[in-house]
Every structure is written in C-alpha cells, then in structure tokens.
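Beneath this line is the structure, given in structure tokens, with notes to follow.
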Amino acid sequence: MGPDPMERSRRGLVARLEKWGYVESPSVREALLRVPRERFLPEDLQGSAYDDSPLPIGHGQTISAPSMITIMLEQAALRAGEAVLEVGTGSGYNAALLAELAGPDRVVSIERLPELAAIGRENLEALGYRVEVVVGDGTLGHPPRAPYDCVFATAGAPRIPRAWRDQTRVGGRIVAPIGRSRLNQVLVTARRASESGWDVKEGTPCAFVPMIGAAGWGGE
C-alpha cells in the first residue's frame, strides 16, 4: 500500500522546500518528513497543512509557514542531545520538529496562553513527543532547565531579552524574529562566543505574531 494522501503532500512540500533552497541539512529534511503538520491544525484547516503558508490555530495565534520554520531550523543547527528552549508553543508543531532534532526530553516549550499550551501539550503527547510544555512569560525564559544550547522563538520581540542571553550557554545560540514594530522583523541568529561576547547576524525579513511579556511588547 502506498503512502496516504497527507504523507504524499508532506513529501511534496519537503521536495519543494529543497528545490527552493530552504532545506540544507539531512537532519532538518528528515524532521520535516517525520512530523505530520496536519495533526497540529484545526480539523477544518488540515487540508491546507502542506501549503507553504502560515495558518490560524485559534486565540489570535498562527502556525508559521514551513519555509520560515525551515530557515530557522537550519540557522539553529541543532545536534542530538542539545538542550532547547522554545518560546511560543502554539499548537506544538515546531516543538515536535525541535524534538526530532534534539531528542526526547531535550526540549522545553513555554506558552503565554494556558488554553493554547493545553492544545500544544495534547498534540505532542498524542504523537509520542516528550516535550515539557510550561505556561509563562516567554520573555523571561525558563530558569529551571537552563542553561540552553539554543533558544528558539516563534514570536517577534523588539529586542533579544536579557533572560534569553543569561540562559544560553557559551557556544549556544538564539534564533528569533526581532524588530522595531509588532509585525515587521528580521530573523536574528545570536551566538554566544564567550561569557560576555556575542556574534549577531541579521537575516530574512519576517512577520511573526508579537511576543507579549515583560521584555516583549506590552499587552496593550
């Protein structure tokens, strides 16, 4: 029996992402092939799971376009066994990709909205992903599991919060959309070269939902 229609669509999307130059590493390619994006979407949107576009997941939030997440995953350059903090669980799709790359029990994901955290946790558990989902202000990081090899944010902040820097180990990196307006950011990759030194690179323009929190955008 051949692959089901969703699997065919998933393979088709990954092939397009490779053709467009977004997929560079075998590990990211394999993660994209293994995680069923449709399982992280409302039922009425599952037919659009393998369009390269962001989609609404409720509570004013979205699941990011696969191409943008792929760019971020390649920038993160995760290795098996690394400790990862994801800021912005959403429906859990990206946390599943991070878990495929870093391994079980290596990802903690923080979500500001309790209702969305519950959805993300349920989606991840249903597929067997061992990711810790916590509710809180993502701009403050998550000290109990620090330090991290990678802080990976899926919402846009006005600047890199100090807590993320403090909770990133030397040699680690932060991958996040950063910008001066709520919906106009650039993808920033910051690598901690030493206790006090950072190598910061600005990349692709992007437009993520705003990060609300003490070191993010205010809740107004």
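Within each chain, counting starts at residue 1; across the structure tokens, chains are named A, B, ... in the order shown, with ligands numbered 1 upward in that order.
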
Handout entry: Expected answer as a PyMOL selection string: strand (DSSP E) residues in region 49-178 of chain A
Key = chain A and resi 55-58+61-63+84-87+107-111+132-135+148-153+168-178

Restrict the calculation to only C-alpha atoms, then for each residue of region 127-189 of chain A with any atom at most 6 Å from an atom of region 88-111 of chain A give the closest atom pair and their distance in Å to one decimal, rows by chain and rising residue number, as a tab-separated table.
```
residue	atom	partner	partner_atom	distance
A:Arg130	CA	A:Pro104	CA	5.1
A:Val131	CA	A:Val107	CA	5.4
A:Glu132	CA	A:Val108	CA	4.6
A:Val133	CA	A:Ser109	CA	4.8
A:Val134	CA	A:Ile110	CA	4.8
A:Val135	CA	A:Glu111	CA	5.0
A:Gly136	CA	A:Glu111	CA	5.9
A:Gly138	CA	A:Ile110	CA	5.8
A:Thr154	CA	A:Gly88	CA	5.5
```

Handout entry: For Val200 (chain A), the nearest of the candidates A:Ile212, A:Arg39, A:Arg34, A:Ile174, counting only C-alpha atoms
Key =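 Using only C-alpha atoms, the shortest distance to Val200 (chain A) belongs to A:Ile174.
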
Handout entry: Selected residue of minimal separation from Glu74 (chain A) among A:Ile57, A:Ala117, A:Val175, A:Ala155, counting only C-alpha atoms
Key = A:Val175

Practice task
Pick out the residues sitting within 7 Å of Tyr148 (chain A), and hand them over as a count of residues only; count only C-alpha atoms, and ignore anything fewer than 6 positions along from it in its own chain.
Solution key: 7

Practice task
Using only C-alpha atoms, pick whichever of A:Leu113, A:Ala76, A:Val35, A:Ala190 has the shortest atom-to-atom distance to Tyr129 (chain A).
Solution key: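 Closest candidate: A:Val35.
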
Practice task
Write out as a list in words the residues lying within 12 Å of Cys206 (chain A), counting only C-alpha atoms and excluding same-chain residues fewer than 3 positions away.
Solution key: Pro54, Ser64, Ala65, Ser67, Met68, Ile69, Ile71, Met72, Thr154, Ala155, Gly156, Ala157, Ala176, Pro177, Ile178, Gly179, Ser181, Arg182, Leu183, Asn184, Gln185, Val186, Leu187, Val188, Glu202, Gly203, Val209 and Pro210 of chain A

Since we have the selection now, will you write its residues out, keeping C-alpha atoms, as a PDB file, in the first residue's frame?
```
ATOM      1  CA  PRO A  54       1.001  30.394   7.994  1.00  0.00           C
ATOM      2  CA  SER A  64       4.280  29.545  10.909  1.00  0.00           C
ATOM      3  CA  ALA A  65       4.886  28.895   7.222  1.00  0.00           C
ATOM      4  CA  SER A  67       9.622  27.719   4.686  1.00  0.00           C
ATOM      5  CA  MET A  68      10.203  30.199   7.516  1.00  0.00           C
ATOM      6  CA  ILE A  69      10.452  27.476  10.144  1.00  0.00           C
ATOM      7  CA  ILE A  71      15.111  28.710   7.635  1.00  0.00           C
ATOM      8  CA  MET A  72      15.087  28.992  11.430  1.00  0.00           C
ATOM      9  CA  THR A 154       8.369  31.787  17.263  1.00  0.00           C
ATOM     10  CA  ALA A 155       7.053  35.260  18.103  1.00  0.00           C
ATOM     11  CA  GLY A 156       8.598  38.642  17.382  1.00  0.00           C
ATOM     12  CA  ALA A 157      10.246  40.662  20.142  1.00  0.00           C
ATOM     13  CA  ALA A 176      14.414  34.764  16.960  1.00  0.00           C
ATOM     14  CA  PRO A 177      12.447  37.322  14.938  1.00  0.00           C
ATOM     15  CA  ILE A 178      13.455  40.758  16.212  1.00  0.00           C
ATOM     16  CA  GLY A 179      12.128  44.134  15.069  1.00  0.00           C
ATOM     17  CA  SER A 181       7.406  47.070  15.086  1.00  0.00           C
ATOM     18  CA  ARG A 182       4.982  44.315  16.006  1.00  0.00           C
ATOM     19  CA  LEU A 183       4.695  42.790  12.543  1.00  0.00           C
ATOM     20  CA  ASN A 184       7.956  43.829  10.882  1.00  0.00           C
ATOM     21  CA  GLN A 185      11.006  41.909  11.996  1.00  0.00           C
ATOM     22  CA  VAL A 186      14.195  40.286  10.754  1.00  0.00           C
ATOM     23  CA  LEU A 187      15.385  36.835  11.699  1.00  0.00           C
ATOM     24  CA  VAL A 188      18.310  37.203  14.095  1.00  0.00           C
ATOM     25  CA  GLU A 202      20.537  39.604  10.833  1.00  0.00           C
ATOM     26  CA  GLY A 203      18.858  37.617   8.086  1.00  0.00           C
ATOM     27  CA  VAL A 209       2.901  37.449  15.820  1.00  0.00           C
ATOM     28  CA  PRO A 210       4.139  39.844  18.530  1.00  0.00           C
TER      29      PRO A 210
END
```

Completion exercise
CA of Glu115 (chain A) sits from CA of Gly60 (chain A) at a separation of 11.7 Å

Practice task
Using CA of Glu7 (chain A) and CA of Leu41 (chain A) as the two end points, give the distance in Å to one decimal.
Solution key: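 For CA of Glu7 (chain A) relative to CA of Leu41 (chain A), the distance reads 15.3 Å.
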
Practice task
Using CA of Leu78 (chain A) and CA of Pro66 (chain A) as the two end points, give the distance in Å to one decimal.
Solution key: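 CA of Pro66 (chain A) lies 17.2 Å from CA of Leu78 (chain A).
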
Practice task
Run DSSP on the backbone of this structure and report the residues of region 23-189 of chain A it assigns to helix (DSSP H, G or I), as an NGL selection string.
Solution key: :A and (26-34 or 37-40 or 43-48 or 66-76 or 93-102 or 114-126 or 138-140 or 143-145 or 162-166)

Problem - Who sits within 12 Å of Asp52 (chain A), only C-alpha atoms, same chain under 4 positions skipped, as a VMD selection string - result: chain A and resid 9 to 10 12 to 17 20 22 37 48 63 to 70

Next, the residues of the selection above should be written as an mmCIF file, in the first residue's frame with C-alpha atoms.
```
data_model
loop_
_atom_site.group_PDB
_atom_site.id
_atom_site.type_symbol
_atom_site.label_atom_id
_atom_site.label_comp_id
_atom_site.auth_asym_id
_atom_site.auth_seq_id
_atom_site.Cartn_x
_atom_site.Cartn_y
_atom_site.Cartn_z
ATOM 1 C CA SER A 9 1.545 16.041 0.365
ATOM 2 C CA ARG A 10 4.174 16.212 3.109
ATOM 3 C CA GLY A 12 5.775 17.110 -1.900
ATOM 4 C CA LEU A 13 6.211 20.100 0.379
ATOM 5 C CA VAL A 14 9.638 18.938 1.528
ATOM 6 C CA ALA A 15 10.678 18.419 -2.103
ATOM 7 C CA ARG A 16 9.613 21.998 -2.890
ATOM 8 C CA LEU A 17 11.483 23.355 0.133
ATOM 9 C CA TRP A 20 13.766 26.393 -3.328
ATOM 10 C CA TYR A 22 15.477 26.183 2.177
ATOM 11 C CA ARG A 37 1.786 19.146 10.323
ATOM 12 C CA SER A 48 -4.058 23.109 3.825
ATOM 13 C CA ILE A 63 1.322 28.200 12.900
ATOM 14 C CA SER A 64 4.280 29.545 10.909
ATOM 15 C CA ALA A 65 4.886 28.895 7.222
ATOM 16 C CA PRO A 66 7.037 25.783 6.708
ATOM 17 C CA SER A 67 9.622 27.719 4.686
ATOM 18 C CA MET A 68 10.203 30.199 7.516
ATOM 19 C CA ILE A 69 10.452 27.476 10.144
ATOM 20 C CA THR A 70 12.905 25.618 7.901
#
```

Handout entry: Given only C-alpha atoms as the counted atoms, nearest of A:Pro5, A:Pro114, A:Pro26, A:Gly216 to Trp164 (chain A)
Key = A:Gly216

Handout entry: Pick from A:Val87, A:Ala80, A:Ile160, A:Ala215 nearest to Val28 (chain A), counting only C-alpha atoms
Key =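 So, comparing all the options, the nearest one is A:Ala80.
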
Problem - Nearest to Ala126 (chain A), chosen from A:Gly171, A:Pro36, A:Gly81, A:Pro158, with only C-alpha atoms counted in the distances - result: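 Closest to Ala126 (chain A) of all the choices is A:Pro36.
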